[in-house]
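What follows is the content of input-v5.cif, which has mmCIF, C-alpha atoms:
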```cif
data_entry
#
loop_
_atom_site.group_PDB
_atom_site.id
_atom_site.type_symbol
_atom_site.label_atom_id
_atom_site.label_comp_id
_atom_site.auth_asym_id
_atom_site.auth_seq_id
_atom_site.Cartn_x
_atom_site.Cartn_y
_atom_site.Cartn_z
ATOM 1 C CA MET I 1 4.307 -20.954 -34.428
ATOM 2 C CA ASN I 2 6.484 -21.084 -31.302
ATOM 3 C CA ALA I 3 4.436 -20.183 -28.225
ATOM 4 C CA PHE I 4 5.761 -18.696 -25.004
ATOM 5 C CA ALA I 5 3.759 -18.280 -21.790
ATOM 6 C CA VAL I 6 4.565 -16.152 -18.789
ATOM 7 C CA PHE I 7 2.500 -16.609 -15.640
ATOM 8 C CA ASN I 8 2.365 -14.865 -12.302
ATOM 9 C CA PRO I 9 2.308 -17.551 -9.589
ATOM 10 C CA ALA I 10 1.246 -14.959 -6.997
ATOM 11 C CA ALA I 11 -1.909 -13.967 -8.927
ATOM 12 C CA ASN I 12 -5.265 -14.525 -7.222
ATOM 13 C CA HIS I 13 -3.536 -14.785 -3.845
ATOM 14 C CA GLY I 14 -1.249 -17.569 -5.094
ATOM 15 C CA GLN I 15 -3.949 -19.646 -6.785
ATOM 16 C CA VAL I 16 -2.317 -19.406 -10.217
ATOM 17 C CA GLY I 17 0.896 -20.907 -8.845
ATOM 18 C CA ARG I 18 -0.986 -23.687 -7.085
ATOM 19 C CA ASP I 19 -3.040 -24.462 -10.207
ATOM 20 C CA TRP I 20 -0.301 -24.042 -12.800
ATOM 21 C CA GLY I 21 -0.369 -27.759 -13.666
ATOM 22 C CA GLY I 22 -3.941 -27.358 -14.895
ATOM 23 C CA PHE I 23 -3.184 -24.105 -16.701
ATOM 24 C CA GLY I 24 -0.136 -25.590 -18.406
ATOM 25 C CA ALA I 25 -1.994 -28.731 -19.523
ATOM 26 C CA ALA I 26 -4.862 -26.650 -20.935
ATOM 27 C CA LEU I 27 -2.519 -24.318 -22.803
ATOM 28 C CA ARG I 28 -0.584 -27.213 -24.310
ATOM 29 C CA THR I 29 -3.778 -28.561 -25.863
ATOM 30 C CA VAL I 30 -3.925 -25.255 -27.779
ATOM 31 C CA PHE I 31 -0.177 -24.623 -28.185
ATOM 32 C CA PRO I 32 1.633 -27.999 -28.213
ATOM 33 C CA ASP I 33 5.088 -26.397 -28.487
ATOM 34 C CA LEU I 34 4.542 -24.156 -25.450
ATOM 35 C CA VAL I 35 7.473 -22.917 -23.367
ATOM 36 C CA ALA I 36 6.376 -21.454 -20.000
ATOM 37 C CA THR I 37 8.171 -19.355 -17.387
ATOM 38 C CA ALA I 38 7.023 -17.853 -14.081
ATOM 39 C CA SER I 39 7.479 -14.133 -13.501
ATOM 40 C CA GLY I 40 8.786 -12.772 -10.253
ATOM 41 C CA GLY I 41 9.468 -9.151 -9.358
ATOM 42 C CA ARG I 42 8.023 -6.001 -10.853
ATOM 43 C CA GLY I 43 8.937 -5.596 -14.519
ATOM 44 C CA GLN I 44 10.148 -9.167 -15.017
ATOM 45 C CA ALA I 45 7.143 -10.280 -17.106
ATOM 46 C CA ALA I 46 7.780 -7.461 -19.593
ATOM 47 C CA ARG I 47 11.439 -8.435 -19.888
ATOM 48 C CA LEU I 48 10.574 -12.106 -20.385
ATOM 49 C CA VAL I 49 8.070 -11.265 -23.114
ATOM 50 C CA ARG I 50 10.509 -8.936 -24.874
ATOM 51 C CA ASP I 51 13.227 -11.592 -24.831
ATOM 52 C CA ALA I 52 10.804 -14.260 -26.107
ATOM 53 C CA LEU I 53 9.776 -12.063 -29.032
ATOM 54 C CA ARG I 54 13.418 -11.505 -29.947
ATOM 55 C CA GLU I 55 13.845 -15.285 -29.925
ATOM 56 C CA ASP I 56 11.096 -15.584 -32.574
ATOM 57 C CA HIS I 57 8.236 -16.726 -30.357
ATOM 58 C CA GLY I 58 5.272 -15.504 -32.394
ATOM 59 C CA GLU I 59 2.551 -16.259 -29.816
ATOM 60 C CA ILE I 60 2.837 -14.850 -26.311
ATOM 61 C CA ILE I 61 0.404 -16.010 -23.605
ATOM 62 C CA VAL I 62 0.117 -14.066 -20.351
ATOM 63 C CA VAL I 63 -1.607 -15.687 -17.369
ATOM 64 C CA GLY I 64 -2.357 -13.458 -14.394
ATOM 65 C CA GLY I 65 -4.110 -10.320 -13.248
ATOM 66 C CA ASP I 66 -4.254 -6.877 -14.831
ATOM 67 C CA GLY I 67 -0.765 -5.929 -13.704
ATOM 68 C CA THR I 68 0.830 -9.003 -15.291
ATOM 69 C CA ILE I 69 -1.193 -8.501 -18.488
ATOM 70 C CA ASN I 70 -0.066 -4.866 -18.578
ATOM 71 C CA GLU I 71 3.554 -5.964 -18.297
ATOM 72 C CA GLY I 72 2.987 -8.438 -21.120
ATOM 73 C CA VAL I 73 1.612 -5.643 -23.310
ATOM 74 C CA ASN I 74 4.633 -3.450 -22.587
ATOM 75 C CA GLY I 75 6.959 -6.343 -23.394
ATOM 76 C CA PHE I 76 5.784 -6.054 -27.009
ATOM 77 C CA PHE I 77 7.580 -2.690 -27.239
ATOM 78 C CA ASP I 78 11.111 -1.408 -26.768
ATOM 79 C CA GLN I 79 11.441 2.369 -26.363
ATOM 80 C CA GLY I 80 7.933 2.661 -27.801
ATOM 81 C CA VAL I 81 8.735 0.638 -30.948
ATOM 82 C CA PRO I 82 7.120 -2.793 -31.592
ATOM 83 C CA VAL I 83 9.591 -5.641 -31.086
ATOM 84 C CA ALA I 84 7.732 -8.054 -33.422
ATOM 85 C CA PRO I 85 4.750 -6.379 -35.145
ATOM 86 C CA ASP I 86 3.240 -9.654 -36.394
ATOM 87 C CA ALA I 87 3.326 -11.430 -33.026
ATOM 88 C CA VAL I 88 0.107 -12.148 -31.117
ATOM 89 C CA LEU I 89 -0.660 -11.595 -27.436
ATOM 90 C CA SER I 90 -3.086 -14.069 -25.870
ATOM 91 C CA ILE I 91 -4.408 -13.223 -22.419
ATOM 92 C CA VAL I 92 -5.721 -15.551 -19.727
ATOM 93 C CA PRO I 93 -7.275 -13.397 -16.975
ATOM 94 C CA ALA I 94 -6.558 -15.102 -13.681
ATOM 95 C CA GLY I 95 -6.359 -12.368 -11.049
ATOM 96 C CA ALA I 96 -8.508 -11.970 -7.963
ATOM 97 C CA GLY I 97 -10.500 -9.323 -9.799
ATOM 98 C CA GLY I 98 -9.633 -7.209 -12.779
ATOM 99 C CA ASP I 99 -10.793 -4.785 -15.400
ATOM 100 C CA ILE I 100 -9.108 -6.047 -18.557
ATOM 101 C CA GLY I 101 -10.826 -9.424 -18.377
ATOM 102 C CA HIS I 102 -14.048 -8.157 -16.815
ATOM 103 C CA GLY I 103 -16.916 -10.351 -18.032
ATOM 104 C CA MET I 104 -14.559 -12.831 -19.731
ATOM 105 C CA GLN I 105 -13.946 -16.426 -18.753
ATOM 106 C CA THR I 106 -11.142 -16.731 -16.250
ATOM 107 C CA GLY I 107 -8.770 -19.423 -15.064
ATOM 108 C CA VAL I 108 -8.331 -22.739 -16.914
ATOM 109 C CA ALA I 109 -11.547 -22.149 -18.908
ATOM 110 C CA ALA I 110 -9.993 -18.981 -20.341
ATOM 111 C CA ALA I 111 -6.915 -20.954 -21.370
ATOM 112 C CA LEU I 112 -9.031 -23.524 -23.243
ATOM 113 C CA ARG I 113 -11.058 -20.760 -24.895
ATOM 114 C CA LEU I 114 -7.958 -19.559 -26.745
ATOM 115 C CA ALA I 115 -8.380 -22.486 -29.150
ATOM 116 C CA HIS I 116 -11.366 -20.683 -30.669
ATOM 117 C CA ALA I 117 -10.638 -17.042 -29.848
ATOM 118 C CA ARG I 118 -10.141 -14.744 -32.809
ATOM 119 C CA VAL I 119 -7.226 -12.370 -33.248
ATOM 120 C CA ARG I 120 -8.008 -8.634 -33.440
ATOM 121 C CA THR I 121 -5.720 -5.684 -33.948
ATOM 122 C CA VAL I 122 -6.482 -3.308 -31.080
ATOM 123 C CA ASP I 123 -5.650 0.169 -29.851
ATOM 124 C CA LEU I 124 -3.512 0.812 -26.810
ATOM 125 C CA GLY I 125 -3.309 3.842 -24.593
ATOM 126 C CA HIS I 126 0.064 5.412 -23.871
ATOM 127 C CA VAL I 127 0.866 7.687 -20.956
ATOM 128 C CA SER I 128 3.976 9.705 -20.201
ATOM 129 C CA CYS I 129 4.363 11.323 -16.782
ATOM 130 C CA LEU I 130 6.923 11.830 -14.025
ATOM 131 C CA THR I 131 8.196 9.696 -11.195
ATOM 132 C CA PRO I 132 8.016 11.351 -7.749
ATOM 133 C CA ASP I 133 11.734 12.176 -7.989
ATOM 134 C CA GLY I 134 11.248 13.957 -11.320
ATOM 135 C CA ASN I 135 12.350 11.334 -13.851
ATOM 136 C CA ALA I 136 10.358 10.501 -16.974
ATOM 137 C CA ALA I 137 8.026 7.496 -16.891
ATOM 138 C CA ALA I 138 5.991 6.002 -19.732
ATOM 139 C CA ARG I 139 3.804 2.962 -20.262
ATOM 140 C CA PHE I 140 1.250 1.487 -22.636
ATOM 141 C CA PHE I 141 -2.085 0.280 -21.277
ATOM 142 C CA LEU I 142 -4.741 -2.034 -22.663
ATOM 143 C CA GLY I 143 -7.689 -1.293 -20.394
ATOM 144 C CA ALA I 144 -7.520 2.056 -18.627
ATOM 145 C CA ALA I 145 -5.368 4.607 -16.874
ATOM 146 C CA SER I 146 -6.532 7.011 -14.199
ATOM 147 C CA PHE I 147 -5.298 9.732 -11.898
ATOM 148 C CA GLY I 148 -6.595 11.072 -8.628
ATOM 149 C CA LEU I 149 -8.263 8.991 -5.923
ATOM 150 C CA THR I 150 -8.345 5.720 -7.896
ATOM 151 C CA ALA I 151 -4.619 5.977 -8.646
ATOM 152 C CA ASP I 152 -3.847 6.750 -5.005
ATOM 153 C CA ILE I 153 -5.816 3.645 -3.987
ATOM 154 C CA ALA I 154 -3.871 1.586 -6.567
ATOM 155 C CA ARG I 155 -0.579 2.945 -5.222
ATOM 156 C CA ARG I 156 -1.494 1.881 -1.703
ATOM 157 C CA LEU I 157 -2.772 -1.539 -2.790
ATOM 158 C CA ASN I 158 0.385 -2.210 -4.820
ATOM 159 C CA ARG I 159 2.358 -2.035 -1.568
ATOM 160 C CA SER I 160 0.430 -4.845 0.155
ATOM 161 C CA ARG I 161 -0.552 -8.385 -0.910
ATOM 162 C CA PHE I 162 -2.300 -9.176 2.400
ATOM 163 C CA LEU I 163 -6.033 -9.040 1.596
ATOM 164 C CA PRO I 164 -7.398 -7.577 4.885
ATOM 165 C CA TRP I 165 -4.709 -4.879 4.844
ATOM 166 C CA ARG I 166 -5.500 -4.064 1.210
ATOM 167 C CA ARG I 167 -9.101 -3.384 2.196
ATOM 168 C CA VAL I 168 -7.923 -1.108 4.989
ATOM 169 C CA GLN I 169 -5.698 0.765 2.529
ATOM 170 C CA GLY I 170 -8.694 1.518 0.320
ATOM 171 C CA ILE I 171 -10.590 2.949 3.293
ATOM 172 C CA LEU I 172 -7.578 5.014 4.383
ATOM 173 C CA ALA I 173 -7.133 6.438 0.865
ATOM 174 C CA ARG I 174 -10.745 7.651 0.754
ATOM 175 C CA ALA I 175 -10.485 9.100 4.261
ATOM 176 C CA ALA I 176 -7.338 11.078 3.354
ATOM 177 C CA TRP I 177 -8.498 12.242 -0.063
ATOM 178 C CA ALA I 178 -9.078 15.899 -0.930
ATOM 179 C CA PRO I 179 -10.006 17.133 -4.435
ATOM 180 C CA ALA I 180 -7.028 17.806 -6.685
ATOM 181 C CA HIS I 181 -7.149 20.925 -8.832
ATOM 182 C CA VAL I 182 -6.068 19.853 -12.297
ATOM 183 C CA ARG I 183 -6.014 21.506 -15.695
ATOM 184 C CA LEU I 184 -7.443 19.195 -18.365
ATOM 185 C CA MET I 185 -6.643 19.926 -22.006
ATOM 186 C CA ALA I 186 -8.021 17.824 -24.873
ATOM 187 C CA GLU I 187 -8.576 18.125 -28.597
ATOM 188 C CA GLY I 188 -11.027 20.615 -29.989
ATOM 189 C CA GLY I 189 -10.053 23.389 -27.586
ATOM 190 C CA HIS I 190 -11.303 21.635 -24.445
ATOM 191 C CA ASP I 191 -9.474 23.366 -21.584
ATOM 192 C CA GLU I 192 -10.702 23.473 -17.993
ATOM 193 C CA ILE I 193 -9.490 23.512 -14.424
ATOM 194 C CA ASP I 194 -11.480 21.344 -12.075
ATOM 195 C CA GLY I 195 -11.355 20.026 -8.532
ATOM 196 C CA ILE I 196 -11.332 16.375 -9.510
ATOM 197 C CA THR I 197 -11.906 13.233 -7.490
ATOM 198 C CA ALA I 198 -10.586 11.044 -10.278
ATOM 199 C CA VAL I 199 -10.220 11.042 -14.044
ATOM 200 C CA ALA I 200 -10.187 7.767 -15.993
ATOM 201 C CA VAL I 201 -8.733 7.499 -19.494
ATOM 202 C CA LEU I 202 -10.618 4.528 -20.878
ATOM 203 C CA ASN I 203 -9.656 2.171 -23.678
ATOM 204 C CA GLY I 204 -12.236 -0.288 -22.305
ATOM 205 C CA PRO I 205 -15.370 0.040 -20.153
ATOM 206 C CA HIS I 206 -13.890 -0.625 -16.684
ATOM 207 C CA PHE I 207 -11.270 0.837 -14.358
ATOM 208 C CA GLY I 208 -10.446 0.929 -10.678
ATOM 209 C CA GLY I 209 -11.312 -2.710 -9.956
ATOM 210 C CA GLY I 210 -14.750 -3.020 -11.523
ATOM 211 C CA LEU I 211 -15.903 0.604 -11.838
ATOM 212 C CA LYS I 212 -17.954 0.947 -15.039
ATOM 213 C CA ALA I 213 -17.824 4.555 -16.197
ATOM 214 C CA ALA I 214 -18.109 4.267 -19.987
ATOM 215 C CA PRO I 215 -19.966 1.189 -21.286
ATOM 216 C CA ALA I 216 -19.324 2.274 -24.897
ATOM 217 C CA ALA I 217 -15.521 2.394 -24.552
ATOM 218 C CA ASP I 218 -13.968 0.152 -27.205
ATOM 219 C CA ASN I 219 -10.306 -0.718 -27.788
ATOM 220 C CA GLY I 220 -10.898 -0.809 -31.539
ATOM 221 C CA ASP I 221 -12.425 2.606 -32.239
ATOM 222 C CA GLY I 222 -9.290 4.771 -32.136
ATOM 223 C CA VAL I 223 -10.493 7.095 -29.379
ATOM 224 C CA PHE I 224 -10.523 7.341 -25.580
ATOM 225 C CA GLU I 225 -13.575 7.789 -23.400
ATOM 226 C CA ILE I 226 -12.544 10.181 -20.631
ATOM 227 C CA ALA I 227 -14.534 9.895 -17.402
ATOM 228 C CA VAL I 228 -14.218 12.976 -15.185
ATOM 229 C CA LEU I 229 -15.431 12.590 -11.602
ATOM 230 C CA ALA I 230 -15.551 16.029 -10.018
ATOM 231 C CA GLY I 231 -17.453 17.946 -7.384
ATOM 232 C CA ALA I 232 -18.011 15.050 -4.962
ATOM 233 C CA PRO I 233 -17.855 15.935 -1.242
ATOM 234 C CA LYS I 234 -16.099 13.361 0.918
ATOM 235 C CA PRO I 235 -19.326 11.719 2.212
ATOM 236 C CA ARG I 236 -20.234 11.013 -1.420
ATOM 237 C CA LEU I 237 -17.058 9.091 -2.270
ATOM 238 C CA GLY I 238 -18.225 5.674 -1.068
ATOM 239 C CA PRO I 239 -21.720 5.844 -2.639
ATOM 240 C CA MET I 240 -20.282 7.303 -5.855
ATOM 241 C CA LEU I 241 -17.765 4.486 -6.283
ATOM 242 C CA GLN I 242 -20.382 1.878 -5.401
ATOM 243 C CA GLY I 243 -22.730 3.366 -7.989
ATOM 244 C CA LEU I 244 -20.044 3.002 -10.657
ATOM 245 C CA ARG I 245 -19.451 -0.561 -9.534
ATOM 246 C CA ASN I 246 -23.168 -1.251 -10.010
ATOM 247 C CA GLY I 247 -23.208 0.417 -13.426
ATOM 248 C CA GLU I 248 -25.158 3.429 -12.130
ATOM 249 C CA PRO I 249 -23.452 6.657 -13.318
ATOM 250 C CA PRO I 250 -23.395 9.258 -10.511
ATOM 251 C CA ASP I 251 -24.301 12.909 -11.030
ATOM 252 C CA GLU I 252 -20.619 13.798 -10.584
ATOM 253 C CA LEU I 253 -19.610 11.910 -13.765
ATOM 254 C CA ARG I 254 -18.929 13.653 -17.092
ATOM 255 C CA LEU I 255 -17.686 11.955 -20.275
ATOM 256 C CA LEU I 256 -15.736 13.266 -23.233
ATOM 257 C CA ARG I 257 -14.108 11.580 -26.237
ATOM 258 C CA THR I 258 -10.617 12.387 -27.440
ATOM 259 C CA THR I 259 -7.413 10.808 -28.736
ATOM 260 C CA ARG I 260 -5.197 12.923 -26.472
ATOM 261 C CA LEU I 261 -5.467 14.366 -22.967
ATOM 262 C CA THR I 262 -2.945 16.457 -21.052
ATOM 263 C CA ALA I 263 -3.403 16.847 -17.303
ATOM 264 C CA THR I 264 -1.404 19.310 -15.202
ATOM 265 C CA PRO I 265 -1.856 20.045 -11.484
ATOM 266 C CA VAL I 266 -2.295 23.691 -10.584
ATOM 267 C CA MET I 267 -0.671 25.453 -7.652
ATOM 268 C CA GLU I 268 -3.677 24.992 -5.359
ATOM 269 C CA THR I 269 -3.295 21.203 -5.437
ATOM 270 C CA GLY I 270 -0.214 21.289 -3.212
ATOM 271 C CA LYS I 271 0.450 17.527 -3.304
ATOM 272 C CA PRO I 272 1.373 14.884 -5.910
ATOM 273 C CA VAL I 273 -1.490 13.525 -8.013
ATOM 274 C CA TRP I 274 -0.807 9.864 -8.760
ATOM 275 C CA VAL I 275 -1.259 8.098 -12.113
ATOM 276 C CA GLU I 276 -1.972 4.387 -12.572
ATOM 277 C CA THR I 277 -2.230 2.139 -15.625
ATOM 278 C CA ASP I 278 -4.264 -1.089 -15.539
ATOM 279 C CA GLY I 279 -4.192 -0.960 -11.733
ATOM 280 C CA GLU I 280 -0.432 -0.390 -11.330
ATOM 281 C CA ALA I 281 0.941 2.908 -9.992
ATOM 282 C CA LEU I 282 3.227 4.594 -12.527
ATOM 283 C CA GLY I 283 4.016 8.147 -11.409
ATOM 284 C CA ILE I 284 2.508 11.574 -10.912
ATOM 285 C CA LEU I 285 1.086 14.459 -12.931
ATOM 286 C CA PRO I 286 1.757 16.242 -15.230
ATOM 287 C CA ALA I 287 0.879 13.533 -17.741
ATOM 288 C CA THR I 288 -0.060 13.164 -21.388
ATOM 289 C CA PHE I 289 -2.319 10.344 -22.556
ATOM 290 C CA GLN I 290 -2.437 9.414 -26.239
ATOM 291 C CA ILE I 291 -4.222 6.720 -28.202
ATOM 292 C CA ALA I 292 -1.969 4.377 -30.177
ATOM 293 C CA PRO I 293 -4.327 3.022 -32.856
ATOM 294 C CA ARG I 294 -4.153 -0.610 -33.994
ATOM 295 C CA VAL I 295 -0.708 -1.434 -32.639
ATOM 296 C CA LEU I 296 -1.255 -4.844 -30.973
ATOM 297 C CA ARG I 297 -2.557 -8.159 -32.289
ATOM 298 C CA LEU I 298 -4.648 -9.585 -29.447
ATOM 299 C CA ARG I 299 -6.253 -12.991 -28.959
ATOM 300 C CA ALA I 300 -8.783 -12.934 -26.119
#
```
Could you show the structure in this file as structure tokens?
Amino acid sequence: MNAFAVFNPAANHGQVGRDWGGFGAALRTVFPDLVATASGGRGQAARLVRDALREDHGEIIVVGGDGTINEGVNGFFDQGVPVAPDAVLSIVPAGAGGDIGHGMQTGVAAALRLAHARVRTVDLGHVSCLTPDGNAAARFFLGAASFGLTADIARRLNRSRFLPWRRVQGILARAAWAPAHVRLMAEGGHDEIDGITAVAVLNGPHFGGGLKAAPAADNGDGVFEIAVLAGAPKPRLGPMLQGLRNGEPPDELRLLRTTRLTATPVMETGKPVWVETDGEALGILPATFQIAPRVLRLRA
């Protein structure tokens, strides 16, 4: 089977680019016919993957952080339709810190592990929302999507690759945050308006750079875990996020299970509510999140 790898040389503050010789050698012990290409600007990894699938590469390997992996996932689809349904995505988590590969081997060890990793058919999440200028935006996600404070932090972090400034951006986002009044509608008649801090739509346990809101979330069970963080005053934001990072659910956390969630800001919100997928800003509410059951063959 022809194998194609796309890697992000900027991942882990440039470490993937510096270590690509080791990554490439490890991958070629698993996939001797490997063809590898570096990705550059936003969206290029998805285009490279899509082109490789059309050229009959049946095994796609993505090396990088959550954003690069997310692009690889979206490269398996064109206008929402699978490009090559039998193809396999192999992931090598190699970012500075991520949610998709949380708890997995990373770096060259993750590349070597693919020799023994099994292939599973997994669920993806899909979100449709708006860009700030009112155009439609849509994306699949493997790990999680969120809106509210965590998405605003992601939006700010996406604009800077300089580590100290990224830390400052996270502090500034929390300092500027005010609860967003959002209507949440899910299956079974669930319909509420809440002043949310953040809502995570989970296909896996983690979101927001290591926040663990739903340990039972599973990308093979055909359902989302929805984590609603609401009612937190500003002084609680830091401790609440740290509690999630430590696996300690705060009092402000509520969970529900559904295959579909629609979120719409109400008039009192008065500002855009950002949406992110796998750590990459996508657009703003209103948004609809739907589970896409068993649509991707994944080796990890």
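With all atoms listed in the file as the atoms that count, the residue of I:Asn246, I:Thr277, I:Thr259, I:Thr121 with the shortest distance to Val295 of chain I is I:Thr121.
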Residues in the PyMOL selection byres ((chain I and resi 214-223) around 8), expressed as number ranges by chain: I: 121-124, 142-143, 202-206, 212-213, 224-225, 227, 255, 257-259, 291-294
Best match for closeness to Ala176 of chain I among I:Asn158, I:Ala10, I:Asp191, I:Leu149, counting only C-alpha atoms: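 So, comparing all the options, the nearest one is I:Leu149.
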d(atom CA of Glu55 of chain I, atom CA of Val92 of chain I) in Å: 22.1 Å
Please list, as number ranges by chain, the residues that have an atom at most 10 Å away from (7.4, -9.3, -15.6) in the coordinates of this file, counting all atoms listed in the file. I: 6-8, 38-50, 62, 67-72, 74-75
How would the residues just picked look written out with C-alpha atoms as a CSV table (one decimal), in the frame of the given file?
```
chain,number,residue,atom,x,y,z
I,6,VAL,CA,4.6,-16.2,-18.8
I,7,PHE,CA,2.5,-16.6,-15.6
I,8,ASN,CA,2.4,-14.9,-12.3
I,38,ALA,CA,7.0,-17.9,-14.1
I,39,SER,CA,7.5,-14.1,-13.5
I,40,GLY,CA,8.8,-12.8,-10.3
I,41,GLY,CA,9.5,-9.2,-9.4
I,42,ARG,CA,8.0,-6.0,-10.9
I,43,GLY,CA,8.9,-5.6,-14.5
I,44,GLN,CA,10.1,-9.2,-15.0
I,45,ALA,CA,7.1,-10.3,-17.1
I,46,ALA,CA,7.8,-7.5,-19.6
I,47,ARG,CA,11.4,-8.4,-19.9
I,48,LEU,CA,10.6,-12.1,-20.4
I,49,VAL,CA,8.1,-11.3,-23.1
I,50,ARG,CA,10.5,-8.9,-24.9
I,62,VAL,CA,0.1,-14.1,-20.4
I,67,GLY,CA,-0.8,-5.9,-13.7
I,68,THR,CA,0.8,-9.0,-15.3
I,69,ILE,CA,-1.2,-8.5,-18.5
I,70,ASN,CA,-0.1,-4.9,-18.6
I,71,GLU,CA,3.6,-6.0,-18.3
I,72,GLY,CA,3.0,-8.4,-21.1
I,74,ASN,CA,4.6,-3.4,-22.6
I,75,GLY,CA,7.0,-6.3,-23.4
```
Selection result for the PyMOL selection byres ((chain I and resi 63) around 12) on this file, as a PyMOL selection string: chain I and resi 4-12+15-17+19-20+23-24+26-27+36-39+45+60-62+64-72+89-95+101+106-111+114+300
My list of candidates is I:Gly231, I:Val35, I:Gly125, I:Gly21. Which is closest to Ala52 of chain I when distances are computed with all atoms listed in the file?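 Looking only at the distances to Ala52 of chain I, the closest residue turns out to be I:Val35.
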Name the closest residue to Glu248 of chain I among the candidates I:Leu211, I:Val182, I:Ala115, I:Ala263; distances are taken between atoms, counting only C-alpha atoms.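 Closest to Glu248 of chain I, using only C-alpha atoms: I:Leu211.
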Best match for closeness to Arg183 of chain I among I:Thr264, I:Ala3, I:Gly283, I:Leu244, counting all atoms listed in the file: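 Under the stated criterion, the closest residue is I:Thr264.
Using only C-alpha atoms, the smallest distance between any of I:Glu187, I:Asp133, I:Asp86, I:Asp33 and Leu285 of chain I comes from I:Asp133.
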Could you give me, as a PyMOL selection string, the residues within 8 Å of Ala138 of chain I, counting all atoms listed in the file and dropping anything in the same chain fewer than 2 positions from it? chain I and resi 126-129+136+140+282
What residues come out when you apply the PyMOL selection byres ((chain I and resi 179) around 10) to this file, written as a list in words? Gly148, Leu149, Trp177, Ala178, Ala180, His181, Val182, Asp194, Gly195, Ile196, Thr197, Ala198, Ala230, Gly231, Ala232, Pro233, Lys234, Thr269 and Val273 of chain I
If you measure from atom CA of Phe207 of chain I to atom CA of Phe76 of chain I, what distance in Å do you get, rounded to one decimal?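 Those two atoms sit 22.3 Å apart.
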Separation of atom CA of Ala144 of chain I from atom CA of Gln290 of chain I in Å: 11.7 Å
